[in-house]
There are 2 protein chains.
Amino acid sequence: MSVADKFARLGTDNAPGQEARQQGGNIHNLMRGDAIPGTPVDFSHGDVDAFAPPANAFDFFAEGVSRGARQAYTEYRGAGAIRNDMAGKLAAFTGSPVDAADGMILTPGTQGALFLAVASVVGRGDKVAIVQPDYFANRKLVEFFEGEVVPVRIGYETAETEAGLDLDQLEDAFRQGAKVFVFSNPNNPTGVVYSEAEIRSIAELANRYGAVVIADQLYSRLRYSDASYTHLRASGIDPDKVVTIMGPSKTESLSGYRLGVAFGAPRLVGRMEKLQAIVSLRAAGYNQAVLQAWFSEPEGWMEERIRQHQAIRDDLLRILRAIDGVSASTPRAGSYLFPRIPSLSLEPVGFVKVLRLQAGVTVTPGTEFSPHCADSVRLNFSQDRAAAVAAVERMAELIERYRR
Amino acid sequence: MSVADKFARLGTDNAPGQEARQQGGNIHNLMRGDAIPGTPVDFSHGDVDAFAPPANAFDFFAEGVSRGARQAYTEYRGAGAIRNDMAGKLAAFTGSPVDAADGMILTPGTQGALFLAVASVVGRGDKVAIVQPDYFANRKLVEFFEGEVVPVRIGYETAETEAGLDLDQLEDAFRQGAKVFVFSNPNNPTGVVYSEAEIRSIAELANRYGAVVIADQLYSRLRYSDASYTHLRASGIDPDKVVTIMGPSKTESLSGYRLGVAFGAPRLVGRMEKLQAIVSLRAAGYNQAVLQAWFSEPEGWMEERIRQHQAIRDDLLRILRAIDGVSASTPRAGSYLFPRIPSLSLEPVGFVKVLRLQAGVTVTPGTEFSPHCADSVRLNFSQDRAAAVAAVERMAELIERYRR
């Protein structure tokens, strides 16, 4: 594939956060009625003004700056002392030891970790099992490295205490030669959580077929009252075949610092570090110090954050479910809603534009997550509660306005 | 090429900053005499404790944090307001307009910019002209994307008011089909600066053969009294065929914030942003705000910094040139020395290890920069002056000790 073709395929036009770069096109000809006033809400990402980072994060940064050269120039995989500190916390959280020296790398955001992890195992023509729907970068990364996506569905709309993973499809993918499986748990964009049985089956299948699994657990701390959670890395998978990715960017509102961590097989982490050396050298040195605030939040901080998100989730679900033709399943974790919108007079991507232009409501089109989810949109509901409620009410009004 | 082969090729064992991960091996059997006491000096990078960042950098960061969501989540190419501010400053510095909207991207360090720029033009089998010696990542990046390196030499050891670029070799490379030329100016590791005639010839050849040029100008502000400097982008090159890379990480000691900027052809910057969306999303949001301190240093700040570096350069050159068999040309810009070491009882890489273990002096082996520079080492002399002088004196002592 030529470089030009590769980049032609790599779209970001509808990627979250890039809406400001969209050309309006002729959407104005199709608009009905006037704009609806209200506080704009950008559901394409969480609002760190509504949910602030832990108070001590900035202090750790300032302390990092004052440490000077030692903190500015770390090993490419990150400062040893910080990795040591993190390893204990991540081992306790995930239920399996973490090797600070050789089995962990700090990265610029979890995106950085995901890029390096996929690059470390996927080459031209390699088959990679990818969940549909799942985080859009999974597919794009496989395509960028000229791998071949083998989709595996989840029945997220009816699943309650599981993700609804089609295990036969996953085994088929491995049987066809897929040597890598990439998935997010909790699932982004649907908020379903894989059951213990599902996670154990993934581990067994990966072991049986010798596949590497990249588990993106970015939202695994933000779990609602009814959710149980199983960590793949503590579920019998060959430790040489799994890399787990986490980061403090979302739940903890530390996105502005761009920090992520990948931990698992030293063989793969070693490759990731070699690549990081030519991609970005390291996660910004001073920023690494902020990781000390992670998993060290004040007593009750996380519980309160979960309670507040659950309240917003329930408010928005109530409004969405009252709209004729809209269906929305209940996320068990994370801060994403993924409602299905009825067929309207505009194509779904057009409706998403109109929603932004007429109601100041930014959402992400479902096609970013799966070719089969064109009629869904993703909302990150980590927002100011009142503003989010009003925004979804405006969305309801526009759905009525654009019915055929 | 398999993924495993690709990573086997991608070495970082001797990369600057990674020395802590080296295995000692049997070097201890070859050591002569005792350790020489003295303040350890890590010449693999500059010392931001010796040369501190501008005082207001941290304030801009803190202000960025206080701006909250707006600064945490920017477009992938960086915050519009900051790009606007930077565009004017970079246009003034380089002598040619900069398109803030479509022709500029902020990246995690200049390394991030270089990665994206090379990725945006180099694919499997593409020939890429690379200077020897030059920054080690240039070659590694081309190899990672499975391009083919076509080396072009510079006669840096005898050049005085130029880099000594072999223009016939460069034209040969283009004639053989190289569609990309990557070079650093000032050259890393030698500190030579390309003359106006050389830069104009590069522009003419690139135009004639339709090649893209990636110009890494990381050190272009730190120029000594006798150096004139010509910006490629203002020297007649087709603007659709050039990307310039700069950053405040080195001269300005802002490395701990990991910031870089690439500016030039919108077509290529567009690709770079698409790729950044899956590599790291964006340069850390809060960190971007620190760019406001760049090109806004207090009156006389840069002149003083240059004067101090020139003094260290001259001290170290004096000591090095007094060693029998050592030759060292005078860097016209930047903070690297690249002396040639005489043949000793140890292989050059072994001597580099012994230097660190016995004298606390860390340098980077010349093979990182060119296969033909095994007998040279690179020193970043942006260090505490007295400590650097003492360290190079210890190096002199060890060279005597290890003569055959």
# chains A, B, ... in the order shown; residues from 1 in each chain; ligands from 1

call {"tool": "residues_around", "arguments": {"residues": "Arg403 (chain A)", "least_positions_apart": "2", "cutoff": "7 Å", "atoms": "only C-alpha atoms", "output": "list in words"}}
result
Leu344, Ser345, Ile399, Glu400 and Arg401 of chain A

call {"tool": "write_last_selection", "arguments": {"atoms": "C-alpha atoms", "output": "PDB file, in the first residue's frame"}}
result
ATOM      1  CA  LEU A 344     -34.590  10.514  10.472  1.00  0.00           C
ATOM      2  CA  SER A 345     -34.806  12.777   7.431  1.00  0.00           C
ATOM      3  CA  ILE A 399     -34.911  14.216  16.890  1.00  0.00           C
ATOM      4  CA  GLU A 400     -38.604  15.200  16.841  1.00  0.00           C
ATOM      5  CA  ARG A 401     -37.885  18.034  14.404  1.00  0.00           C
TER       6      ARG A 401
END

call {"tool": "residues_around", "arguments": {"residues": "Tyr229 (chain A)", "least_positions_apart": "4", "cutoff": "8 Å", "atoms": "only C-alpha atoms", "output": "PyMOL selection string"}}
result
chain A and resi 193-196+220

call {"tool": "write_last_selection", "arguments": {"atoms": "N, CA, C and O atoms", "output": "PDB file, in the first residue's frame"}}
result
ATOM      1  N   VAL A 193     -19.412  -4.584  30.595  1.00  0.00           N
ATOM      2  CA  VAL A 193     -18.239  -5.148  31.258  1.00  0.00           C
ATOM      3  C   VAL A 193     -18.235  -6.652  30.993  1.00  0.00           C
ATOM      4  O   VAL A 193     -19.273  -7.308  31.119  1.00  0.00           O
ATOM      5  N   TYR A 194     -17.090  -7.187  30.622  1.00  0.00           N
ATOM      6  CA  TYR A 194     -16.982  -8.628  30.361  1.00  0.00           C
ATOM      7  C   TYR A 194     -17.139  -9.404  31.677  1.00  0.00           C
ATOM      8  O   TYR A 194     -16.584  -8.998  32.703  1.00  0.00           O
ATOM      9  N   SER A 195     -17.897 -10.490  31.625  1.00  0.00           N
ATOM     10  CA  SER A 195     -18.105 -11.309  32.824  1.00  0.00           C
ATOM     11  C   SER A 195     -16.849 -12.124  33.121  1.00  0.00           C
ATOM     12  O   SER A 195     -15.960 -12.268  32.260  1.00  0.00           O
ATOM     13  N   GLU A 196     -16.806 -12.686  34.319  1.00  0.00           N
ATOM     14  CA  GLU A 196     -15.685 -13.550  34.677  1.00  0.00           C
ATOM     15  C   GLU A 196     -15.578 -14.716  33.685  1.00  0.00           C
ATOM     16  O   GLU A 196     -14.479 -15.072  33.241  1.00  0.00           O
ATOM     17  N   SER A 220     -11.512   0.990  33.952  1.00  0.00           N
ATOM     18  CA  SER A 220     -11.851  -0.118  34.848  1.00  0.00           C
ATOM     19  C   SER A 220     -12.016   0.289  36.308  1.00  0.00           C
ATOM     20  O   SER A 220     -12.434  -0.526  37.129  1.00  0.00           O
TER      21      SER A 220
END

call {"tool": "select_by_dssp", "arguments": {"residues": "region 43-162 of chain B", "states": "strand (DSSP E or B)", "output": "PyMOL selection string"}}
result
chain B and resi 104-107+127-132+148-154

call {"tool": "residues_around", "arguments": {"residues": "region 42-53 of chain B", "least_positions_apart": "4", "cutoff": "8 Å", "atoms": "only C-alpha atoms", "output": "list of chain:residue names"}}
result
A:Gly68, A:Ala69, A:Ala72, B:Pro16, B:Gly17, B:Ala57, B:Lys250, B:Glu252, B:Ser253, B:Leu254, B:Gly360, B:Val361, B:Thr362, B:Val363, B:Thr364, B:Arg378, B:Leu379, B:Asn380, B:Phe381, B:Ser382, B:Gln383, B:Asp384

call {"tool": "interface_residues", "arguments": {"of": "chain A", "to": "chain B", "cutoff": "7 Å", "atoms": "only C-alpha atoms", "output": "MDAnalysis selection string"}}
result
chainID A and resid 2:3 7 10:12 17:18 47:49 68:69 72:73 75 108:109 111:112 115 120:123 137 141 255:258 271 274 278:281 284:286

call {"tool": "select_by_dssp", "arguments": {"residues": "region 76-232 of chain B", "states": "alpha helix (DSSP H)", "output": "ChimeraX atom specification"}}
result
/B:80-94,109-119,136-144,167-175,196-209

call {"tool": "atom_distance", "arguments": {"atom1": "CA of Asp34 (chain B)", "atom2": "CA of Ala359 (chain B)"}}
result
9.3 Å

call {"tool": "residues_around", "arguments": {"residues": "region 28-32 of chain A", "least_positions_apart": "3", "cutoff": "10 Å", "atoms": "only C-alpha atoms", "output": "list in words"}}
result
Gly24, Gly25, Ala35, Ser345, Leu346, Gly350, Phe351, Lys353, Val354, Leu357, Gln358, Leu398, Arg401 and Tyr402 of chain A

call {"tool": "write_last_selection", "arguments": {"atoms": "all heavy atoms", "output": "compact mmCIF listing (two decimals), in the first residue's frame"}}
result
# COMPACT_ATOMS: atom_id res chain seq x y z
N GLY A 24 -18.49 22.77 6.80
CA GLY A 24 -19.94 22.68 6.93
C GLY A 24 -20.59 21.93 5.78
O GLY A 24 -21.57 21.21 5.95
N GLY A 25 -20.06 22.10 4.58
CA GLY A 25 -20.66 21.47 3.40
C GLY A 25 -22.03 22.08 3.14
O GLY A 25 -22.27 23.25 3.46
N ALA A 35 -31.83 27.66 15.66
CA ALA A 35 -30.98 27.07 16.69
C ALA A 35 -31.75 27.04 18.02
O ALA A 35 -32.63 27.87 18.25
CB ALA A 35 -29.71 27.89 16.83
N SER A 345 -34.86 12.25 8.80
CA SER A 345 -34.81 12.78 7.43
C SER A 345 -33.36 13.05 6.99
O SER A 345 -33.08 13.28 5.83
CB SER A 345 -35.62 14.07 7.34
OG SER A 345 -35.01 15.07 8.14
N LEU A 346 -32.45 13.06 7.95
CA LEU A 346 -31.02 13.25 7.64
C LEU A 346 -30.27 11.94 7.87
O LEU A 346 -30.63 11.16 8.75
CB LEU A 346 -30.41 14.29 8.59
CG LEU A 346 -30.79 15.75 8.42
CD1 LEU A 346 -30.27 16.55 9.62
CD2 LEU A 346 -30.21 16.29 7.13
N GLY A 350 -25.13 13.43 9.20
CA GLY A 350 -25.73 14.75 9.02
C GLY A 350 -26.44 15.20 10.29
O GLY A 350 -26.32 16.36 10.70
N PHE A 351 -27.14 14.28 10.92
CA PHE A 351 -27.83 14.64 12.16
C PHE A 351 -26.83 15.04 13.24
O PHE A 351 -27.05 15.98 13.99
CB PHE A 351 -28.72 13.47 12.64
CG PHE A 351 -29.46 13.82 13.91
CD1 PHE A 351 -30.48 14.76 13.92
CD2 PHE A 351 -29.11 13.22 15.12
CE1 PHE A 351 -31.14 15.11 15.10
CE2 PHE A 351 -29.76 13.56 16.30
CZ PHE A 351 -30.78 14.51 16.28
N LYS A 353 -24.04 16.50 12.76
CA LYS A 353 -23.60 17.88 12.46
C LYS A 353 -24.64 18.90 12.88
O LYS A 353 -24.34 19.93 13.48
CB LYS A 353 -23.30 18.02 10.96
CG LYS A 353 -21.95 17.46 10.57
CD LYS A 353 -21.57 17.81 9.13
CE LYS A 353 -20.28 17.08 8.78
NZ LYS A 353 -20.00 17.06 7.35
N VAL A 354 -25.88 18.60 12.54
CA VAL A 354 -26.98 19.51 12.86
C VAL A 354 -27.11 19.67 14.38
O VAL A 354 -27.37 20.77 14.89
CB VAL A 354 -28.28 18.94 12.21
CG1 VAL A 354 -29.50 19.39 12.95
CG2 VAL A 354 -28.33 19.33 10.74
N LEU A 357 -24.51 22.10 15.29
CA LEU A 357 -24.71 23.46 14.77
C LEU A 357 -25.97 24.11 15.34
O LEU A 357 -25.99 25.31 15.61
CB LEU A 357 -24.78 23.42 13.23
CG LEU A 357 -23.48 22.96 12.55
CD1 LEU A 357 -23.71 22.71 11.06
CD2 LEU A 357 -22.36 23.98 12.75
N GLN A 358 -27.04 23.32 15.54
CA GLN A 358 -28.30 23.92 15.99
C GLN A 358 -28.53 23.82 17.50
O GLN A 358 -29.30 24.61 18.05
CB GLN A 358 -29.48 23.26 15.26
CG GLN A 358 -29.51 23.60 13.78
CD GLN A 358 -30.87 23.32 13.17
OE1 GLN A 358 -31.33 22.18 13.17
NE2 GLN A 358 -31.53 24.36 12.66
N LEU A 398 -34.55 17.96 18.77
CA LEU A 398 -34.10 17.89 17.37
C LEU A 398 -34.48 16.56 16.70
O LEU A 398 -34.75 16.53 15.51
CB LEU A 398 -32.60 18.13 17.26
CG LEU A 398 -32.13 19.59 17.30
CD1 LEU A 398 -30.65 19.67 16.94
CD2 LEU A 398 -32.93 20.48 16.35
N ARG A 401 -37.85 17.10 15.54
CA ARG A 401 -37.89 18.03 14.40
C ARG A 401 -37.47 17.38 13.09
O ARG A 401 -37.92 17.76 12.02
CB ARG A 401 -36.96 19.21 14.71
CG ARG A 401 -37.15 20.38 13.79
CD ARG A 401 -36.09 21.45 14.01
NE ARG A 401 -36.31 22.24 15.22
CZ ARG A 401 -35.46 23.23 15.60
NH1 ARG A 401 -34.40 23.51 14.86
NH2 ARG A 401 -35.70 23.89 16.70
N TYR A 402 -36.54 16.41 13.18
CA TYR A 402 -36.01 15.82 11.95
C TYR A 402 -36.61 14.46 11.61
O TYR A 402 -36.10 13.75 10.76
CB TYR A 402 -34.48 15.73 12.02
CG TYR A 402 -33.83 17.09 11.81
CD1 TYR A 402 -33.46 17.88 12.89
CD2 TYR A 402 -33.65 17.60 10.52
CE1 TYR A 402 -32.90 19.13 12.70
CE2 TYR A 402 -33.09 18.85 10.32
CZ TYR A 402 -32.72 19.61 11.42
OH TYR A 402 -32.18 20.85 11.23

call {"tool": "atom_distance", "arguments": {"atom1": "CA of Gln217 (chain A)", "atom2": "CA of Ser201 (chain A)"}}
result
17.5 Å

call {"tool": "residues_around", "arguments": {"residues": "Ala215 (chain B)", "least_positions_apart": "2", "cutoff": "8 Å", "atoms": "only C-alpha atoms", "output": "list of chain:residue names"}}
result
B:Val182, B:Phe183, B:Ser184, B:Asn185, B:Val213, B:Gln217, B:Leu232, B:Val242, B:Val243, B:Thr244, B:Ile245

call {"tool": "write_last_selection", "arguments": {"atoms": "C-alpha atoms", "output": "PDB file, in the first residue's frame"}}
result
ATOM      1  CA  VAL B 182      16.105  14.172   6.020  1.00  0.00           C
ATOM      2  CA  PHE B 183      18.776  16.277   7.665  1.00  0.00           C
ATOM      3  CA  SER B 184      19.483  18.258  10.824  1.00  0.00           C
ATOM      4  CA  ASN B 185      20.843  21.811  10.637  1.00  0.00           C
ATOM      5  CA  VAL B 213      12.799  17.576   2.583  1.00  0.00           C
ATOM      6  CA  GLN B 217      16.302  22.724  12.996  1.00  0.00           C
ATOM      7  CA  LEU B 232      15.729  26.079   3.915  1.00  0.00           C
ATOM      8  CA  VAL B 242       9.235  20.927   2.960  1.00  0.00           C
ATOM      9  CA  VAL B 243       8.492  20.354   6.638  1.00  0.00           C
ATOM     10  CA  THR B 244      10.585  22.163   9.246  1.00  0.00           C
ATOM     11  CA  ILE B 245      10.899  20.841  12.780  1.00  0.00           C
TER      12      ILE B 245
END

call {"tool": "atom_distance", "arguments": {"atom1": "CA of Ile105 (chain B)", "atom2": "CA of Arg83 (chain B)"}}
result
7.7 Å

call {"tool": "residues_around", "arguments": {"residues": "Gln176 (chain B)", "least_positions_apart": "4", "cutoff": "10 Å", "atoms": "only C-alpha atoms", "output": "ChimeraX atom specification"}}
result
/B:127,150,170-172

call {"tool": "write_last_selection", "arguments": {"atoms": "N, CA and C atoms", "output": "mmCIF file, in the first residue's frame"}}
result
data_model
loop_
_atom_site.group_PDB
_atom_site.id
_atom_site.type_symbol
_atom_site.label_atom_id
_atom_site.label_comp_id
_atom_site.auth_asym_id
_atom_site.auth_seq_id
_atom_site.Cartn_x
_atom_site.Cartn_y
_atom_site.Cartn_z
ATOM 1 N N LYS B 127 13.149 4.948 -1.118
ATOM 2 C CA LYS B 127 14.516 5.394 -0.866
ATOM 3 C C LYS B 127 14.515 6.748 -0.177
ATOM 4 N N VAL B 150 19.640 5.836 1.796
ATOM 5 C CA VAL B 150 20.699 6.149 0.839
ATOM 6 C C VAL B 150 21.588 7.194 1.516
ATOM 7 N N LEU B 170 24.165 13.668 -3.016
ATOM 8 C CA LEU B 170 22.742 13.961 -2.815
ATOM 9 C C LEU B 170 21.994 13.866 -4.138
ATOM 10 N N GLU B 171 22.591 14.454 -5.189
ATOM 11 C CA GLU B 171 21.915 14.370 -6.493
ATOM 12 C C GLU B 171 21.838 12.927 -6.964
ATOM 13 N N ASP B 172 22.886 12.167 -6.734
ATOM 14 C CA ASP B 172 22.869 10.737 -7.085
ATOM 15 C C ASP B 172 21.714 10.025 -6.381
#

call {"tool": "residues_around", "arguments": {"residues": "Trp294 (chain A)", "least_positions_apart": "6", "cutoff": "10 Å", "atoms": "only C-alpha atoms", "output": "VMD selection string"}}
result
chain A and resid 54 56 to 57 86 89 247 to 249 252 254

call {"tool": "closest_residue", "arguments": {"among": "A:Asp324, A:Glu204, A:Asp216, A:Glu148", "to": "Asn188 (chain A)", "atoms": "only C-alpha atoms"}}
result
A:Asp216

call {"tool": "decode", "arguments": {"residues": "region 367-384 of chain B", "atoms": "N, CA, C and O atoms", "output": "compact mmCIF listing (two decimals), in the first residue's frame"}}
result
# COMPACT_ATOMS: atom_id res chain seq x y z
N THR B 367 28.77 5.33 16.57
CA THR B 367 28.03 4.43 15.68
C THR B 367 26.53 4.71 15.71
O THR B 367 25.81 4.31 14.80
N GLU B 368 26.05 5.39 16.74
CA GLU B 368 24.63 5.77 16.74
C GLU B 368 24.32 6.74 15.58
O GLU B 368 23.19 6.86 15.16
N PHE B 369 25.35 7.44 15.11
CA PHE B 369 25.14 8.52 14.14
C PHE B 369 25.57 8.16 12.72
O PHE B 369 25.09 8.74 11.76
N SER B 370 26.51 7.23 12.62
CA SER B 370 26.98 6.77 11.31
C SER B 370 27.80 5.52 11.52
O SER B 370 28.58 5.44 12.47
N PRO B 371 27.66 4.54 10.61
CA PRO B 371 28.52 3.35 10.73
C PRO B 371 29.99 3.70 10.54
O PRO B 371 30.86 2.92 10.91
N HIS B 372 30.27 4.87 9.98
CA HIS B 372 31.66 5.26 9.72
C HIS B 372 32.26 6.07 10.86
O HIS B 372 33.35 6.60 10.71
N CYS B 373 31.54 6.24 11.95
CA CYS B 373 32.01 7.10 13.04
C CYS B 373 32.25 6.31 14.31
O CYS B 373 32.08 6.83 15.42
N ALA B 374 32.64 5.04 14.18
CA ALA B 374 32.84 4.21 15.36
C ALA B 374 33.91 4.78 16.29
O ALA B 374 33.89 4.53 17.50
N ASP B 375 34.84 5.54 15.75
CA ASP B 375 35.93 6.05 16.60
C ASP B 375 35.63 7.44 17.17
O ASP B 375 36.50 8.08 17.72
N SER B 376 34.39 7.90 17.03
CA SER B 376 34.02 9.19 17.63
C SER B 376 33.01 8.97 18.76
O SER B 376 32.37 7.93 18.84
N VAL B 377 32.90 9.96 19.61
CA VAL B 377 31.85 9.95 20.65
C VAL B 377 31.20 11.32 20.67
O VAL B 377 31.82 12.33 20.31
N ARG B 378 29.93 11.35 21.11
CA ARG B 378 29.23 12.63 21.18
C ARG B 378 29.10 13.07 22.63
O ARG B 378 28.74 12.28 23.50
N LEU B 379 29.37 14.36 22.84
CA LEU B 379 29.19 14.97 24.17
C LEU B 379 28.25 16.15 24.05
O LEU B 379 28.50 17.08 23.27
N ASN B 380 27.17 16.14 24.81
CA ASN B 380 26.34 17.34 24.91
C ASN B 380 26.93 18.19 26.02
O ASN B 380 26.88 17.82 27.20
N PHE B 381 27.50 19.32 25.64
CA PHE B 381 28.24 20.13 26.62
C PHE B 381 27.37 21.21 27.28
O PHE B 381 27.89 22.13 27.92
N SER B 382 26.08 21.06 27.20
CA SER B 382 25.19 21.95 27.96
C SER B 382 25.15 21.43 29.40
O SER B 382 24.23 20.72 29.81
N GLN B 383 26.21 21.75 30.14
CA GLN B 383 26.47 21.17 31.46
C GLN B 383 27.01 22.25 32.39
O GLN B 383 27.41 23.32 31.93
N ASP B 384 27.10 21.92 33.65
CA ASP B 384 27.83 22.76 34.58
C ASP B 384 29.28 22.84 34.10
O ASP B 384 29.92 21.81 33.85
